[in-house]
Amino acid sequence: MDVQQDVRALEAEIAALRRVCEAPSARRRKTCRTKKSLKNIYQPKSEGWESATQLRRPRGRLELELSFLSALIGISIRKYSKETEDLTRTEMTERNITKIRQRYRLSGNCRMVTFQLEFQILETQIEENVSSVITDLNIVVEPTDYAELSEFVCRVEERRDLFMFFRSLHYFVEWCEYRKCTFKHFKEKYPTIVQLPEGATSNYMGIQSASHAGLELIIVWRLQIDDKGKVLPVLDLLTKIPQQALELDRKKVTESAPLNFRTLLGVLGIEASLENLIKLFSTQKND
């Protein structure tokens with residue numbers, strides 16, 4: 001009987017020791033699982049970091065391409081903001097229709113012309129079909145000295161045609177730069193004959209005769225933007241001749257001068273035509 005009691009007591013001690021030994025292992029396994037969970041939470045997977053790094057590369061490339069494009073066409077966007085408003089109502093959602101209104105604000109410049117744009121785009125999606133339309137467009141350009149550009153902006157706002165605005169603005173500025181360089185070139189080459197009362201950025205140039213007082217030709221160089229947004233140079237010749245000289249003009253050379261100048265432009269082009277007129281007055285001076 002005593003032997004059986006001793007065996008039971010020994011088995012109880014062995015069981016107690018086994019529980020004590022197994023408890024730390026369980027705690028360690030639980031602790032390991034907790035650490036692993038925390039690691040997953042506070043340490044993102046390396047794949048995420050690799051994706052972010054991969055995204056930076058194309059973004060940098062796109063920024064370089066945008067910078068190159070801005071330098072190429074002369075248009076730079078300085079400020080940009082966007083607001084999105086969900087116009088979808090409950091009954092529209094039930095019919096798989098969504099409407100989103102986006103408000104944009106842009107400001108930038110194309111060479112010497114600065115612009116500010118505000119426009120809204122309404123995007124409508126019916127099932128898988130998506131359509132977008134510009135619902136409002138406001139444009140402010142400076143300086144306001146270019147009357148042709150102001151008229152063109154009014155037409156663009158009516159048609160809500162952003163593409164035509166940027167395309168035509170680029171070519172308009174290119175022609176302004178060309179006109180300025182042309183006037184400046186002839187002023188430097190013939191300083192006593194060519195007159196630029198309002199500077200090289202104006203739209204007209206005077207050609208004075210040093211040998212005949214009061215005799216002057218005025219070249220008016222306007223830039224016309226047609227309904228399709230095409231920029232066209234329009235040059236006219238005006239004559240400033242004393243009354244006494246007009247009375248002696250029996251062949252009506254003065255009256256036919258503007259038309260002859262247009263013909264000359266069609267044959268020689270702008271620069272060569274101006275050069276010929278200036279040389280004519282220069283020859284008269286030498287005579």
# chains A, B, ... in the order shown; residues from 1 in each chain; ligands from 1

call {"tool": "residues_around", "arguments": {"residues": "A:Val231", "least_positions_apart": "3", "cutoff": "10 Å", "atoms": "only C-alpha atoms", "output": "PDB file with N, CA and C atoms, in the first residue's frame"}}
result
ATOM      1  N   GLU A 148      -5.276  91.777 -81.077  1.00  0.00           N
ATOM      2  CA  GLU A 148      -5.651  90.548 -81.768  1.00  0.00           C
ATOM      3  C   GLU A 148      -5.779  89.379 -80.795  1.00  0.00           C
ATOM      4  N   ARG A 167      -2.274  76.173 -78.607  1.00  0.00           N
ATOM      5  CA  ARG A 167      -1.617  76.062 -79.913  1.00  0.00           C
ATOM      6  C   ARG A 167      -1.453  77.426 -80.566  1.00  0.00           C
ATOM      7  N   SER A 168      -2.522  78.212 -80.593  1.00  0.00           N
ATOM      8  CA  SER A 168      -2.473  79.521 -81.239  1.00  0.00           C
ATOM      9  C   SER A 168      -1.609  80.495 -80.450  1.00  0.00           C
ATOM     10  N   LEU A 169      -1.635  80.387 -79.120  1.00  0.00           N
ATOM     11  CA  LEU A 169      -0.799  81.268 -78.303  1.00  0.00           C
ATOM     12  C   LEU A 169       0.672  81.058 -78.619  1.00  0.00           C
ATOM     13  N   HIS A 170       1.054  79.807 -78.795  1.00  0.00           N
ATOM     14  CA  HIS A 170       2.454  79.496 -79.130  1.00  0.00           C
ATOM     15  C   HIS A 170       2.866  80.164 -80.435  1.00  0.00           C
ATOM     16  N   TYR A 171       2.052  79.991 -81.474  1.00  0.00           N
ATOM     17  CA  TYR A 171       2.405  80.568 -82.774  1.00  0.00           C
ATOM     18  C   TYR A 171       2.287  82.092 -82.771  1.00  0.00           C
ATOM     19  N   PHE A 172       1.351  82.630 -82.016  1.00  0.00           N
ATOM     20  CA  PHE A 172       1.220  84.083 -81.919  1.00  0.00           C
ATOM     21  C   PHE A 172       2.480  84.692 -81.320  1.00  0.00           C
ATOM     22  N   VAL A 173       2.967  84.089 -80.249  1.00  0.00           N
ATOM     23  CA  VAL A 173       4.184  84.594 -79.604  1.00  0.00           C
ATOM     24  C   VAL A 173       5.390  84.437 -80.521  1.00  0.00           C
ATOM     25  N   GLU A 174       5.437  83.329 -81.263  1.00  0.00           N
ATOM     26  CA  GLU A 174       6.546  83.126 -82.204  1.00  0.00           C
ATOM     27  C   GLU A 174       6.573  84.237 -83.250  1.00  0.00           C
ATOM     28  N   TRP A 175       5.408  84.615 -83.776  1.00  0.00           N
ATOM     29  CA  TRP A 175       5.338  85.695 -84.764  1.00  0.00           C
ATOM     30  C   TRP A 175       5.694  87.042 -84.134  1.00  0.00           C
ATOM     31  N   LEU A 223      -0.962  90.871 -86.618  1.00  0.00           N
ATOM     32  CA  LEU A 223      -1.075  89.408 -86.554  1.00  0.00           C
ATOM     33  C   LEU A 223      -2.547  89.050 -86.423  1.00  0.00           C
ATOM     34  N   GLN A 224      -3.041  88.328 -87.380  1.00  0.00           N
ATOM     35  CA  GLN A 224      -4.447  87.965 -87.423  1.00  0.00           C
ATOM     36  C   GLN A 224      -4.617  86.493 -87.055  1.00  0.00           C
ATOM     37  N   ILE A 225      -5.592  86.206 -86.187  1.00  0.00           N
ATOM     38  CA  ILE A 225      -5.902  84.827 -85.796  1.00  0.00           C
ATOM     39  C   ILE A 225      -7.281  84.503 -86.342  1.00  0.00           C
ATOM     40  N   ASP A 226      -7.357  83.554 -87.278  1.00  0.00           N
ATOM     41  CA  ASP A 226      -8.636  83.248 -87.915  1.00  0.00           C
ATOM     42  C   ASP A 226      -9.509  82.375 -87.015  1.00  0.00           C
ATOM     43  N   ASP A 227     -10.672  81.969 -87.523  1.00  0.00           N
ATOM     44  CA  ASP A 227     -11.628  81.203 -86.725  1.00  0.00           C
ATOM     45  C   ASP A 227     -11.102  79.835 -86.309  1.00  0.00           C
ATOM     46  N   LYS A 228     -10.169  79.305 -87.077  1.00  0.00           N
ATOM     47  CA  LYS A 228      -9.604  77.997 -86.747  1.00  0.00           C
ATOM     48  C   LYS A 228      -8.362  78.102 -85.860  1.00  0.00           C
ATOM     49  N   VAL A 234      -0.186  90.004 -91.339  1.00  0.00           N
ATOM     50  CA  VAL A 234      -0.827  90.908 -92.301  1.00  0.00           C
ATOM     51  C   VAL A 234      -0.035  92.212 -92.302  1.00  0.00           C
TER      52      VAL A 234
END

call {"tool": "closest_residue", "arguments": {"among": "A:Glu85, A:Val156, A:Thr192, A:Arg95", "to": "A:Glu123", "atoms": "only C-alpha atoms"}}
result
A:Glu85

call {"tool": "residues_around", "arguments": {"residues": "A:Gln195", "least_positions_apart": "2", "cutoff": "7 Å", "atoms": "only C-alpha atoms", "output": "PyMOL selection string"}}
result
chain A and resi 187+193+197+205-207

call {"tool": "write_last_selection", "arguments": {"atoms": "C-alpha atoms", "output": "short mmCIF file (atom, residue, chain, number, x, y, z; two decimals), in the first residue's frame"}}
result
data_model
loop_
_atom_site.label_atom_id
_atom_site.label_comp_id
_atom_site.auth_asym_id
_atom_site.auth_seq_id
_atom_site.Cartn_x
_atom_site.Cartn_y
_atom_site.Cartn_z
CA LYS A 187 16.87 99.64 -87.10
CA ILE A 193 16.26 105.78 -92.05
CA PRO A 197 8.71 105.42 -82.25
CA MET A 205 7.94 100.70 -88.44
CA GLY A 206 8.63 104.00 -90.16
CA ILE A 207 10.95 104.48 -93.16
#

call {"tool": "residues_around", "arguments": {"residues": "A:Thr84", "least_positions_apart": "6", "cutoff": "7 Å", "atoms": "only C-alpha atoms", "output": "list in words"}}
result
Ile100, Arg101, Gln102 and Arg103 of chain A

call {"tool": "write_last_selection", "arguments": {"atoms": "N, CA and C atoms", "output": "PDB file, in the first residue's frame"}}
result
ATOM      1  N   ILE A 100     -18.915  63.530 -62.118  1.00  0.00           N
ATOM      2  CA  ILE A 100     -17.835  64.164 -61.359  1.00  0.00           C
ATOM      3  C   ILE A 100     -17.525  65.513 -62.002  1.00  0.00           C
ATOM      4  N   ARG A 101     -17.484  66.554 -61.180  1.00  0.00           N
ATOM      5  CA  ARG A 101     -17.092  67.874 -61.680  1.00  0.00           C
ATOM      6  C   ARG A 101     -15.715  68.226 -61.123  1.00  0.00           C
ATOM      7  N   GLN A 102     -14.820  68.607 -62.027  1.00  0.00           N
ATOM      8  CA  GLN A 102     -13.451  68.940 -61.650  1.00  0.00           C
ATOM      9  C   GLN A 102     -13.184  70.402 -61.991  1.00  0.00           C
ATOM     10  N   ARG A 103     -12.690  71.146 -61.018  1.00  0.00           N
ATOM     11  CA  ARG A 103     -12.340  72.549 -61.217  1.00  0.00           C
ATOM     12  C   ARG A 103     -10.812  72.680 -61.273  1.00  0.00           C
TER      13      ARG A 103
END

call {"tool": "atom_distance", "arguments": {"atom1": "atom CA of A:Leu280", "atom2": "atom CA of A:Lys180"}}
result
22.3 Å

call {"tool": "atom_distance", "arguments": {"atom1": "atom CA of A:Phe261", "atom2": "atom CA of A:Phe152"}}
result
27.4 Å

call {"tool": "residues_around", "arguments": {"residues": "A:Leu259", "least_positions_apart": "3", "cutoff": "12 Å", "atoms": "only C-alpha atoms", "output": "VMD selection string"}}
result
chain A and resid 235 to 239 253 to 256 262 to 266

call {"tool": "write_last_selection", "arguments": {"atoms": "all heavy atoms", "output": "compact mmCIF listing (two decimals), in the first residue's frame"}}
result
# COMPACT_ATOMS: atom_id res chain seq x y z
N LEU A 235 0.60 92.52 -93.43
CA LEU A 235 1.42 93.72 -93.55
C LEU A 235 0.77 94.69 -94.53
O LEU A 235 0.35 94.29 -95.62
CB LEU A 235 2.84 93.39 -94.03
CG LEU A 235 3.79 92.81 -92.97
CD1 LEU A 235 3.55 91.32 -92.78
CD2 LEU A 235 5.24 93.07 -93.34
N ASP A 236 0.71 95.94 -94.12
CA ASP A 236 0.15 97.01 -94.96
C ASP A 236 1.16 98.15 -95.06
O ASP A 236 1.94 98.40 -94.13
CB ASP A 236 -1.16 97.53 -94.38
CG ASP A 236 -2.27 96.50 -94.45
OD1 ASP A 236 -2.50 95.96 -95.55
OD2 ASP A 236 -2.88 96.21 -93.41
N LEU A 237 1.12 98.82 -96.19
CA LEU A 237 1.99 99.97 -96.43
C LEU A 237 1.15 101.24 -96.45
O LEU A 237 0.19 101.35 -97.21
CB LEU A 237 2.73 99.81 -97.76
CG LEU A 237 3.57 101.01 -98.21
CD1 LEU A 237 4.73 101.25 -97.25
CD2 LEU A 237 4.09 100.81 -99.63
N LEU A 238 1.50 102.17 -95.59
CA LEU A 238 0.86 103.48 -95.56
C LEU A 238 1.88 104.52 -96.00
O LEU A 238 3.07 104.41 -95.69
CB LEU A 238 0.35 103.80 -94.15
CG LEU A 238 -0.60 102.79 -93.51
CD1 LEU A 238 -1.00 103.23 -92.12
CD2 LEU A 238 -1.83 102.57 -94.38
N THR A 239 1.41 105.51 -96.71
CA THR A 239 2.31 106.56 -97.21
C THR A 239 2.01 107.88 -96.53
O THR A 239 0.85 108.22 -96.25
CB THR A 239 2.16 106.73 -98.74
OG1 THR A 239 0.79 107.06 -99.04
CG2 THR A 239 2.54 105.44 -99.45
N VAL A 253 1.40 106.99 -108.36
CA VAL A 253 2.28 105.99 -107.73
C VAL A 253 1.91 105.80 -106.27
O VAL A 253 1.94 104.68 -105.73
CB VAL A 253 3.75 106.40 -107.88
CG1 VAL A 253 4.66 105.41 -107.14
CG2 VAL A 253 4.13 106.48 -109.34
N THR A 254 1.56 106.88 -105.62
CA THR A 254 1.21 106.82 -104.20
C THR A 254 -0.01 105.95 -103.95
O THR A 254 -0.06 105.16 -103.00
CB THR A 254 0.97 108.23 -103.65
OG1 THR A 254 2.12 109.05 -103.90
CG2 THR A 254 0.70 108.20 -102.16
N GLU A 255 -1.01 106.09 -104.81
CA GLU A 255 -2.24 105.31 -104.65
C GLU A 255 -2.01 103.82 -104.86
O GLU A 255 -2.63 102.98 -104.20
CB GLU A 255 -3.30 105.82 -105.63
CG GLU A 255 -3.80 107.23 -105.34
CD GLU A 255 -4.87 107.66 -106.30
OE1 GLU A 255 -5.29 106.81 -107.14
OE2 GLU A 255 -5.31 108.82 -106.24
N SER A 256 -1.13 103.49 -105.79
CA SER A 256 -0.89 102.08 -106.10
C SER A 256 0.19 101.45 -105.21
O SER A 256 0.42 100.24 -105.28
CB SER A 256 -0.48 101.93 -107.57
OG SER A 256 0.71 102.67 -107.83
N ARG A 262 1.90 94.69 -101.47
CA ARG A 262 1.33 93.35 -101.25
C ARG A 262 1.85 92.37 -102.30
O ARG A 262 2.17 91.22 -101.98
CB ARG A 262 -0.20 93.42 -101.32
CG ARG A 262 -0.86 94.05 -100.11
CD ARG A 262 -0.83 93.10 -98.92
NE ARG A 262 -1.54 93.65 -97.78
CZ ARG A 262 -2.83 93.47 -97.52
NH1 ARG A 262 -3.56 92.76 -98.38
NH2 ARG A 262 -3.38 93.97 -96.45
N THR A 263 1.95 92.83 -103.54
CA THR A 263 2.48 91.97 -104.60
C THR A 263 3.94 91.63 -104.33
O THR A 263 4.37 90.48 -104.53
CB THR A 263 2.35 92.67 -105.97
OG1 THR A 263 0.99 93.02 -106.19
CG2 THR A 263 2.82 91.76 -107.08
N LEU A 264 4.68 92.61 -103.87
CA LEU A 264 6.10 92.40 -103.55
C LEU A 264 6.26 91.38 -102.43
O LEU A 264 7.17 90.53 -102.47
CB LEU A 264 6.75 93.73 -103.17
CG LEU A 264 8.27 93.76 -103.06
CD1 LEU A 264 8.91 93.50 -104.43
CD2 LEU A 264 8.74 95.10 -102.50
N LEU A 265 5.38 91.45 -101.44
CA LEU A 265 5.43 90.48 -100.34
C LEU A 265 5.21 89.06 -100.84
O LEU A 265 5.87 88.12 -100.37
CB LEU A 265 4.36 90.82 -99.29
CG LEU A 265 4.62 92.01 -98.37
CD1 LEU A 265 3.38 92.35 -97.57
CD2 LEU A 265 5.80 91.72 -97.44
N GLY A 266 4.29 88.90 -101.76
CA GLY A 266 4.02 87.57 -102.30
C GLY A 266 5.17 87.00 -103.10
O GLY A 266 5.34 85.78 -103.17

call {"tool": "closest_residue", "arguments": {"among": "A:Ile241, A:Glu142, A:Gln208, A:Phe186", "to": "A:Ala272", "atoms": "only C-alpha atoms"}}
result
A:Phe186
